[in-house]
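Next up, run.txt (compact mmCIF, C-alpha atoms and all ligand atoms):
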```
# COMPACT_ATOMS: atom_id res chain seq x y z
CA MET A 1 -20.06 -16.44 -10.78
CA ASN A 2 -18.17 -19.09 -12.78
CA ARG A 3 -15.20 -16.90 -13.70
CA LEU A 4 -12.99 -19.96 -13.03
CA LYS A 5 -15.42 -22.67 -14.09
CA GLY A 6 -13.64 -25.95 -14.91
CA LYS A 7 -10.25 -24.76 -13.67
CA VAL A 8 -8.07 -26.45 -11.06
CA ALA A 9 -5.96 -24.31 -8.73
CA ILE A 10 -3.27 -24.90 -6.14
CA ILE A 11 -3.17 -22.13 -3.53
CA THR A 12 -0.35 -22.15 -0.97
CA GLY A 13 -0.79 -20.68 2.50
CA ALA A 14 -4.53 -21.34 2.18
CA ALA A 15 -5.19 -22.12 5.85
CA MET A 16 -5.71 -18.48 6.82
CA GLY A 17 -5.31 -14.85 5.75
CA GLN A 18 -5.20 -14.00 2.06
CA GLY A 19 -4.76 -17.61 0.92
CA ALA A 20 -7.97 -18.70 2.69
CA ALA A 21 -9.89 -15.79 1.09
CA GLU A 22 -8.52 -16.77 -2.33
CA ALA A 23 -9.47 -20.44 -1.85
CA TYR A 24 -13.04 -19.46 -0.90
CA LEU A 25 -13.42 -16.99 -3.78
CA PHE A 26 -11.97 -19.44 -6.31
CA ALA A 27 -14.45 -22.14 -5.21
CA LYS A 28 -17.28 -19.61 -5.40
CA GLU A 29 -16.22 -18.83 -8.97
CA GLY A 30 -16.37 -22.48 -10.01
CA ALA A 31 -12.78 -23.66 -9.54
CA ARG A 32 -11.68 -26.87 -7.85
CA VAL A 33 -9.08 -25.92 -5.29
CA ALA A 34 -6.15 -27.73 -3.72
CA ALA A 35 -5.63 -25.68 -0.58
CA ALA A 36 -2.08 -26.23 0.67
CA ASP A 37 -0.41 -25.24 3.93
CA VAL A 38 1.80 -26.41 6.80
CA ALA A 39 -0.85 -25.48 9.38
CA GLU A 40 -2.89 -28.68 9.02
CA LYS A 41 -5.65 -28.06 11.57
CA GLN A 42 -6.55 -24.58 10.33
CA LEU A 43 -6.23 -25.79 6.74
CA GLN A 44 -8.77 -28.57 7.32
CA GLU A 45 -11.18 -26.08 8.97
CA THR A 46 -10.87 -23.74 5.97
CA VAL A 47 -11.43 -26.58 3.49
CA ASP A 48 -14.44 -27.89 5.46
CA ARG A 49 -15.96 -24.39 5.43
CA ILE A 50 -15.51 -24.11 1.66
CA ASN A 51 -16.93 -27.59 0.99
CA GLN A 52 -19.98 -26.89 3.15
CA GLU A 53 -20.92 -24.08 0.78
CA PHE A 54 -19.47 -25.49 -2.46
CA PRO A 55 -19.54 -29.30 -2.09
CA GLU A 56 -16.44 -31.23 -3.17
CA SER A 57 -14.73 -28.13 -4.53
CA ALA A 58 -11.69 -28.18 -2.22
CA ILE A 59 -9.09 -30.61 -0.91
CA ALA A 60 -6.51 -30.04 1.83
CA GLU A 61 -2.88 -30.71 0.94
CA LYS A 62 -0.17 -30.67 3.58
CA LEU A 63 2.71 -28.74 2.02
CA ASP A 64 5.86 -27.10 3.28
CA ILE A 65 6.68 -24.95 0.26
CA SER A 66 10.41 -25.09 1.03
CA SER A 67 10.42 -28.87 0.37
CA GLU A 68 10.75 -29.97 -3.25
CA GLU A 69 9.72 -33.48 -2.21
CA ASN A 70 6.49 -32.07 -0.71
CA TRP A 71 5.80 -30.12 -3.90
CA ASN A 72 6.19 -33.17 -6.12
CA GLN A 73 3.83 -35.15 -3.89
CA VAL A 74 1.20 -32.37 -3.92
CA VAL A 75 1.34 -32.06 -7.71
CA LYS A 76 0.88 -35.84 -8.01
CA ASP A 77 -2.07 -35.81 -5.54
CA VAL A 78 -3.79 -32.94 -7.34
CA ILE A 79 -3.46 -34.58 -10.75
CA ASP A 80 -4.73 -37.89 -9.31
CA HIS A 81 -7.69 -36.10 -7.72
CA PHE A 82 -8.63 -33.34 -10.18
CA GLY A 83 -6.83 -34.44 -13.39
CA THR A 84 -4.84 -31.29 -14.13
CA ILE A 85 -3.46 -27.98 -12.77
CA ASP A 86 -4.47 -24.70 -14.44
CA ILE A 87 -3.54 -22.17 -11.75
CA LEU A 88 -0.84 -21.86 -9.10
CA VAL A 89 -1.08 -19.12 -6.47
CA ASN A 90 2.28 -18.82 -4.70
CA ASN A 91 0.85 -17.07 -1.65
CA ALA A 92 2.49 -18.68 1.43
CA ALA A 93 5.31 -16.82 3.13
CA ILE A 94 6.67 -16.00 6.56
CA GLY A 95 7.11 -12.47 7.84
CA SER A 96 10.12 -11.05 9.61
CA ALA A 97 10.62 -7.63 11.17
CA ASP A 98 14.23 -8.26 12.24
CA ILE A 99 16.48 -5.46 11.02
CA TYR A 100 19.63 -6.44 9.05
CA ASP A 101 22.14 -6.33 11.92
CA LYS A 102 20.09 -8.90 13.85
CA VAL A 103 20.07 -11.36 10.93
CA ASP A 104 22.65 -14.13 10.70
CA LYS A 105 23.15 -16.59 7.85
CA ALA A 106 20.83 -19.21 9.36
CA ALA A 107 17.99 -16.69 9.80
CA PHE A 108 18.56 -15.35 6.26
CA ASP A 109 18.51 -18.85 4.78
CA LYS A 110 15.35 -19.80 6.67
CA ILE A 111 13.30 -16.88 5.30
CA MET A 112 14.74 -17.17 1.78
CA SER A 113 14.10 -20.89 1.75
CA VAL A 114 10.35 -20.35 2.34
CA ASN A 115 9.72 -16.98 0.65
CA ALA A 116 11.95 -17.29 -2.45
CA TRP A 117 12.86 -20.95 -2.94
CA GLY A 118 9.27 -21.98 -2.06
CA PRO A 119 7.56 -20.15 -4.99
CA PHE A 120 10.50 -21.01 -7.30
CA CYS A 121 10.07 -24.68 -6.45
CA GLY A 122 6.29 -24.44 -6.91
CA ILE A 123 6.71 -23.16 -10.46
CA LYS A 124 9.27 -25.88 -11.14
CA ALA A 125 6.79 -28.50 -9.88
CA VAL A 126 3.73 -27.39 -11.89
CA ALA A 127 5.50 -26.32 -15.11
CA PRO A 128 5.62 -29.78 -16.76
CA THR A 129 1.84 -30.23 -16.38
CA MET A 130 1.07 -26.70 -17.60
CA LYS A 131 3.51 -27.02 -20.53
CA LYS A 132 1.87 -30.26 -21.60
CA ALA A 133 -1.56 -28.57 -21.45
CA GLY A 134 -0.24 -25.50 -23.32
CA LYS A 135 -1.80 -23.16 -20.75
CA GLY A 136 -1.58 -21.99 -17.17
CA SER A 137 -1.65 -18.98 -14.89
CA ILE A 138 0.81 -18.49 -12.03
CA ILE A 139 0.38 -15.68 -9.53
CA ASN A 140 3.22 -14.87 -7.14
CA ILE A 141 2.46 -12.79 -4.08
CA SER A 142 5.22 -10.26 -3.35
CA SER A 143 4.91 -7.21 -1.10
CA LEU A 144 5.42 -3.45 -1.17
CA ALA A 145 8.57 -4.33 0.79
CA GLY A 146 9.95 -6.03 -2.32
CA VAL A 147 9.56 -2.98 -4.56
CA VAL A 148 9.97 0.06 -2.31
CA GLY A 149 12.19 -1.36 0.42
CA VAL A 150 10.25 -0.49 3.64
CA ILE A 151 12.99 -1.90 5.92
CA PHE A 152 16.47 -3.30 5.34
CA ASN A 153 15.89 -6.92 6.23
CA VAL A 154 15.62 -10.39 4.74
CA TYR A 155 11.82 -10.23 4.21
CA THR A 156 12.41 -7.25 1.88
CA VAL A 157 15.09 -9.20 0.00
CA SER A 158 12.87 -12.28 -0.30
CA LYS A 159 9.94 -10.27 -1.68
CA GLY A 160 12.20 -8.53 -4.22
CA ALA A 161 13.23 -12.01 -5.32
CA VAL A 162 9.56 -12.86 -5.95
CA VAL A 163 9.27 -9.94 -8.41
CA ALA A 164 12.43 -11.13 -10.22
CA LEU A 165 11.07 -14.68 -10.21
CA THR A 166 7.96 -13.47 -12.04
CA ARG A 167 10.03 -11.66 -14.67
CA GLY A 168 12.24 -14.66 -15.38
CA ALA A 169 9.45 -17.24 -15.32
CA SER A 170 7.14 -15.16 -17.54
CA GLN A 171 9.90 -14.89 -20.15
CA GLU A 172 10.67 -18.59 -20.05
CA LEU A 173 7.13 -19.96 -19.91
CA GLY A 174 5.15 -17.57 -22.16
CA LYS A 175 5.89 -19.61 -25.25
CA TYR A 176 4.05 -22.54 -23.64
CA GLY A 177 0.92 -20.45 -23.00
CA ILE A 178 1.76 -20.02 -19.31
CA ARG A 179 1.30 -16.54 -17.82
CA VAL A 180 3.16 -15.45 -14.68
CA ASN A 181 2.25 -12.29 -12.75
CA THR A 182 2.88 -10.68 -9.37
CA ILE A 183 0.50 -9.12 -6.88
CA ILE A 184 2.04 -6.48 -4.63
CA PRO A 185 -0.09 -6.06 -1.52
CA GLY A 186 0.12 -3.14 0.86
CA THR A 187 -0.95 -3.62 4.48
CA ILE A 188 -3.67 -6.28 4.74
CA MET A 189 -5.51 -7.36 7.88
CA THR A 190 -4.44 -11.00 8.33
CA PRO A 191 -2.77 -13.08 11.05
CA MET A 192 0.61 -11.89 9.65
CA THR A 193 -0.23 -8.31 10.60
CA GLN A 194 -1.72 -9.09 14.05
CA VAL A 195 1.40 -7.45 15.48
CA LEU A 196 0.18 -4.12 14.00
CA ARG A 197 -3.31 -4.51 15.47
CA ASP A 198 -1.66 -5.11 18.85
CA ASN A 199 -0.10 -1.65 18.59
CA PRO A 200 -2.73 1.00 17.72
CA ALA A 201 -0.15 3.76 17.13
CA VAL A 202 1.66 1.67 14.51
CA LEU A 203 -1.65 0.64 12.95
CA GLU A 204 -2.67 4.28 12.65
CA ALA A 205 0.71 5.14 11.08
CA CYS A 206 0.11 2.40 8.47
CA ARG A 207 -3.38 3.73 7.75
CA LYS A 208 -2.00 7.24 7.23
CA LYS A 209 0.47 5.89 4.67
CA THR A 210 -2.42 5.04 2.34
CA GLU A 211 -4.11 7.56 0.03
CA ILE A 212 -7.46 5.95 0.56
CA GLY A 213 -7.60 6.17 4.37
CA PHE A 214 -8.16 2.54 5.33
CA LEU A 215 -6.20 -0.71 5.40
CA GLY A 216 -6.93 -3.69 3.16
CA GLU A 217 -8.81 -6.93 3.87
CA PRO A 218 -7.92 -10.35 2.39
CA ASP A 219 -10.72 -10.07 -0.21
CA ASP A 220 -9.10 -6.92 -1.63
CA ILE A 221 -6.17 -9.10 -2.70
CA ALA A 222 -8.27 -12.15 -3.58
CA TYR A 223 -10.22 -10.22 -6.25
CA GLY A 224 -6.94 -9.19 -7.91
CA VAL A 225 -5.67 -12.77 -7.83
CA LEU A 226 -9.00 -13.93 -9.32
CA TYR A 227 -8.56 -11.57 -12.28
CA LEU A 228 -5.01 -12.79 -12.96
CA ALA A 229 -6.08 -16.43 -12.59
CA SER A 230 -9.02 -16.11 -14.99
CA ASP A 231 -8.97 -15.95 -18.79
CA GLU A 232 -10.04 -12.29 -18.48
CA SER A 233 -6.31 -11.53 -18.10
CA ARG A 234 -5.22 -13.68 -21.06
CA TYR A 235 -2.99 -10.86 -22.44
CA VAL A 236 -1.34 -10.07 -19.09
CA THR A 237 2.00 -11.64 -18.21
CA GLY A 238 5.17 -10.49 -16.46
CA ALA A 239 3.08 -7.76 -14.82
CA ASP A 240 2.83 -6.41 -11.26
CA LEU A 241 -0.56 -5.50 -9.86
CA THR A 242 -0.18 -3.26 -6.81
CA ILE A 243 -3.13 -3.37 -4.38
CA ASP A 244 -2.24 -1.05 -1.54
CA GLY A 245 -4.75 1.79 -1.11
CA GLY A 246 -2.29 4.11 -2.87
CA GLU A 247 0.62 3.63 -0.48
CA ARG A 248 3.28 2.88 -3.13
CA TYR A 249 3.18 6.33 -4.70
CA LYS A 250 1.83 8.41 -1.82
CA ASP A 251 3.51 11.79 -1.57
CA VAL A 252 5.67 11.17 -4.65
CA LEU A 253 4.41 14.47 -6.06
CA ASP A 254 2.17 16.14 -3.53
CA LEU A 255 2.06 19.75 -4.79
CA ASP A 256 -0.40 22.03 -3.08
CA LEU A 257 -1.57 23.89 -6.23
N1 LIG A 301 -0.66 -9.13 5.31
C1 LIG A 301 0.04 -8.16 4.73
O1 LIG A 301 -0.02 -6.98 5.12
C2 LIG A 301 0.93 -8.49 3.57
C3 LIG A 301 1.52 -7.40 2.90
C4 LIG A 301 2.32 -7.64 1.80
C5 LIG A 301 2.51 -8.93 1.35
N2 LIG A 301 1.94 -9.96 2.03
C6 LIG A 301 2.15 -11.33 1.49
O2 LIG A 301 0.89 -11.92 1.24
C7 LIG A 301 0.98 -13.33 1.39
C8 LIG A 301 -0.07 -13.83 2.35
O3 LIG A 301 0.15 -13.19 3.60
P1 LIG A 301 -0.90 -13.22 4.81
O4 LIG A 301 -0.90 -11.85 5.33
O5 LIG A 301 -2.16 -13.88 4.40
O6 LIG A 301 -0.06 -14.15 5.81
P2 LIG A 301 -0.54 -15.10 7.01
O7 LIG A 301 0.63 -15.25 7.90
O8 LIG A 301 -1.81 -14.61 7.56
O9 LIG A 301 -0.79 -16.49 6.25
C9 LIG A 301 0.31 -17.16 5.65
C10 LIG A 301 -0.03 -18.62 5.47
O10 LIG A 301 1.13 -19.27 4.92
C11 LIG A 301 1.35 -20.48 5.63
N3 LIG A 301 2.76 -20.86 5.55
C12 LIG A 301 3.82 -20.29 6.19
N4 LIG A 301 4.95 -20.95 5.89
C13 LIG A 301 4.60 -21.97 5.05
C14 LIG A 301 5.33 -23.01 4.40
N5 LIG A 301 6.64 -23.16 4.58
N6 LIG A 301 4.65 -23.86 3.61
C15 LIG A 301 3.31 -23.74 3.43
N7 LIG A 301 2.57 -22.79 4.04
C16 LIG A 301 3.21 -21.91 4.84
C17 LIG A 301 0.89 -20.18 7.05
O11 LIG A 301 0.61 -21.38 7.77
C18 LIG A 301 -0.35 -19.33 6.79
O12 LIG A 301 -1.50 -20.13 6.62
C19 LIG A 301 2.42 -13.59 1.83
O13 LIG A 301 3.21 -13.91 0.71
C20 LIG A 301 2.87 -12.27 2.43
O14 LIG A 301 4.27 -12.11 2.39
C21 LIG A 301 1.16 -9.78 3.12
```
Spell out the structure here as structure tokens.
Ligand SMILES: NC(=O)c1ccc[n+]([C@@H]2O[C@H](COP(=O)([O-])OP(=O)(O)OC[C@H]3O[C@@H](n4cnc5c(N)ncnc54)[C@H](O)[C@@H]3O)[C@@H](O)[C@H]2O)c1
Amino acid sequence: MNRLKGKVAIITGAAMGQGAAEAYLFAKEGARVAAADVAEKQLQETVDRINQEFPESAIAEKLDISSEENWNQVVKDVIDHFGTIDILVNNAAIGSADIYDKVDKAAFDKIMSVNAWGPFCGIKAVAPTMKKAGKGSIINISSLAGVVGVIFNVYTVSKGAVVALTRGASQELGKYGIRVNTIIPGTIMTPMTQVLRDNPAVLEACRKKTEIGFLGEPDDIAYGVLYLASDESRYVTGADLTIDGGERYKDVLDLDL
């Protein structure tokens, strides 16, 4: 309890999936949370649920992360309401399974605008407040796709960009006391992966790709984000934390000795 006591966090994509789990866990650990999403109805339900258990700990902020105007408004609202911003979790993204030869420029731009420009713009929006405070923790959610490839498509490209974003931002912002890190999730049971649950053979193939024999739940990621958000990780910046049941390195060196 109280690992984030007194801190204010913005979490994007907080209506459902991993973002909702992070918003709940952050409130449980004493943070005040601006839960932001485009899905307004589900966002309000998530915020109401959090406030029922932890009164007045969360507010709902309508945000399309690809809009700089939206970002500036959300930052203003959060400062008006909570007074500061200590933590940004760049979690929101959209998935795409379309292979490269089905992707035209418009489709490419749409995914990149949300998955790469969105987190970039979020950092740009919160940086002045964090710089003034001389502290801050930013956590960008990438994907195994962004570091091992998985498939040749625009989602993979966008998630690789998130890793590069972390590197660049951590170098630029460290001198102001702002840490920037990446979480690299494997397969996690959220609305984004419903398509896998609809196809048991594919789901089983994903499970077999892990070392640990089961697929992750949103809380498995939320606990990693909590660590990077808290002062417990004060010496960690520019880092990647892979949370994937062992999938990233499975079978790299599988000698039967
Ligand atoms: N679920 C997985 O297996 C998995 C694996 C690797 C990485 N990830 C990454 O983890 C993060 C969370 O994924 P999830 O599985 O919880 O996804 P999800 O689809 O369940 O939830 C994503 C949330 O983001 C919101 N969102 C989408 N576009 C938005 C926009 N333009 N502005 C604001 N909000 C927007 C959605 O409304 C939704 O609430 C994403 O960055 C995703 O790429 C997920």
| task | Pick out the residues sitting within 8 Å of segment 220-230 of chain A, and hand them over as a ChimeraX atom specification; count all atoms listed in the file, and ignore anything fewer than 3 positions along from it in its own chain. | result | /A:3-4,18-19,21-22,25-26,87,89,137-139,181,183,185,216-217,233-234,236,241,243
| field | Counting only C-alpha atoms, the option among A:Ile184, A:Ala106, A:Val126, A:Leu63 closest to Ala9 of chain A | value |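 Of the candidates, the smallest distance to Ala9 of chain A is held by A:Val126.
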| message | At a cut-off of 7 Å around ligand LIG 301 (chain A), and using only C-alpha atoms and all ligand atoms, what residues come up? Please write them as a PyMOL selection string. | response | chain A and resi 12-19+36-39+63-66+91-95+114+141-144+184-193
| query | Quick one: distance from atom CA of Lys105 of chain A to atom CA of Ala145 of chain A in Å, one decimal? | reply | 20.3 Å
| request: Grab the atom CA of Thr182 of chain A to atom CA of Gly168 of chain A distance for me, in Å with one decimal place. | output: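 Answer for the atom CA of Thr182 of chain A to atom CA of Gly168 of chain A separation: 11.8 Å.
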| query | How many Å lie between atom CA of Val162 of chain A and atom CA of Arg248 of chain A, rounded to one decimal? | reply |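 Separation of atom CA of Val162 of chain A and atom CA of Arg248 of chain A: 17.2 Å.
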| From the list A:Asp231, A:Asp80, A:Asp256, A:Asp251, which residue is nearest Ile178 of chain A when using only C-alpha atoms? |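 Under the stated criterion, the closest residue is A:Asp231.
Shortest atom-to-atom contact with Thr210 of chain A among A:Tyr249, A:Lys132, A:Ala161, A:Ser57: A:Tyr249, counting all atoms listed in the file.
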Near-Asp77 of chain A list (12 Å; all atoms listed in the file; drop same-chain fewer than 6 positions) as a PDB file with C-alpha atoms, keeping the file's coordinate frame:
```pdb
ATOM      1  CA  ILE A  10      -3.270 -24.900  -6.140  1.00  0.00           C
ATOM      2  CA  ALA A  34      -6.150 -27.730  -3.720  1.00  0.00           C
ATOM      3  CA  ALA A  35      -5.630 -25.680  -0.580  1.00  0.00           C
ATOM      4  CA  ALA A  36      -2.080 -26.230   0.670  1.00  0.00           C
ATOM      5  CA  ILE A  59      -9.090 -30.610  -0.910  1.00  0.00           C
ATOM      6  CA  ALA A  60      -6.510 -30.040   1.830  1.00  0.00           C
ATOM      7  CA  GLU A  61      -2.880 -30.710   0.940  1.00  0.00           C
ATOM      8  CA  LYS A  62      -0.170 -30.670   3.580  1.00  0.00           C
ATOM      9  CA  LEU A  63       2.710 -28.740   2.020  1.00  0.00           C
ATOM     10  CA  ASN A  70       6.490 -32.070  -0.710  1.00  0.00           C
ATOM     11  CA  TRP A  71       5.800 -30.120  -3.900  1.00  0.00           C
ATOM     12  CA  GLY A  83      -6.830 -34.440 -13.390  1.00  0.00           C
ATOM     13  CA  THR A  84      -4.840 -31.290 -14.130  1.00  0.00           C
ATOM     14  CA  ILE A  85      -3.460 -27.980 -12.770  1.00  0.00           C
TER      15      ILE A  85
END
```
| query | Using only C-alpha atoms, which of the listed residues (A:Tyr176, A:Tyr100, A:Phe108, A:Phe54) sits closest to Met130 of chain A? | reply |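 That would be A:Tyr176, the residue with the smallest distance to Met130 of chain A.
Distances here use all atoms listed in the file; by that measure, the residue among A:Val157, A:Leu215, A:Met1, A:Val47 closest to Lys28 of chain A is A:Met1.
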| said: Give me the residues near Phe152 of chain A as an NGL selection string, where near means some atom within 9 Å (using all atoms listed in the file) and where sequence neighbours in that chain fewer than 2 positions away do not count. | reply: :A and (98-100 or 149-150 or 154-157)
Put those residues in a file: C-alpha atoms, as a PDB file, keeping the file's coordinate frame.
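Once everything was written out, this is out.pdb:
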```
ATOM      1  CA  ASP A  98      14.230  -8.260  12.240  1.00  0.00           C
ATOM      2  CA  ILE A  99      16.480  -5.460  11.020  1.00  0.00           C
ATOM      3  CA  TYR A 100      19.630  -6.440   9.050  1.00  0.00           C
ATOM      4  CA  GLY A 149      12.190  -1.360   0.420  1.00  0.00           C
ATOM      5  CA  VAL A 150      10.250  -0.490   3.640  1.00  0.00           C
ATOM      6  CA  VAL A 154      15.620 -10.390   4.740  1.00  0.00           C
ATOM      7  CA  TYR A 155      11.820 -10.230   4.210  1.00  0.00           C
ATOM      8  CA  THR A 156      12.410  -7.250   1.880  1.00  0.00           C
ATOM      9  CA  VAL A 157      15.090  -9.200   0.000  1.00  0.00           C
TER      10      VAL A 157
END
```
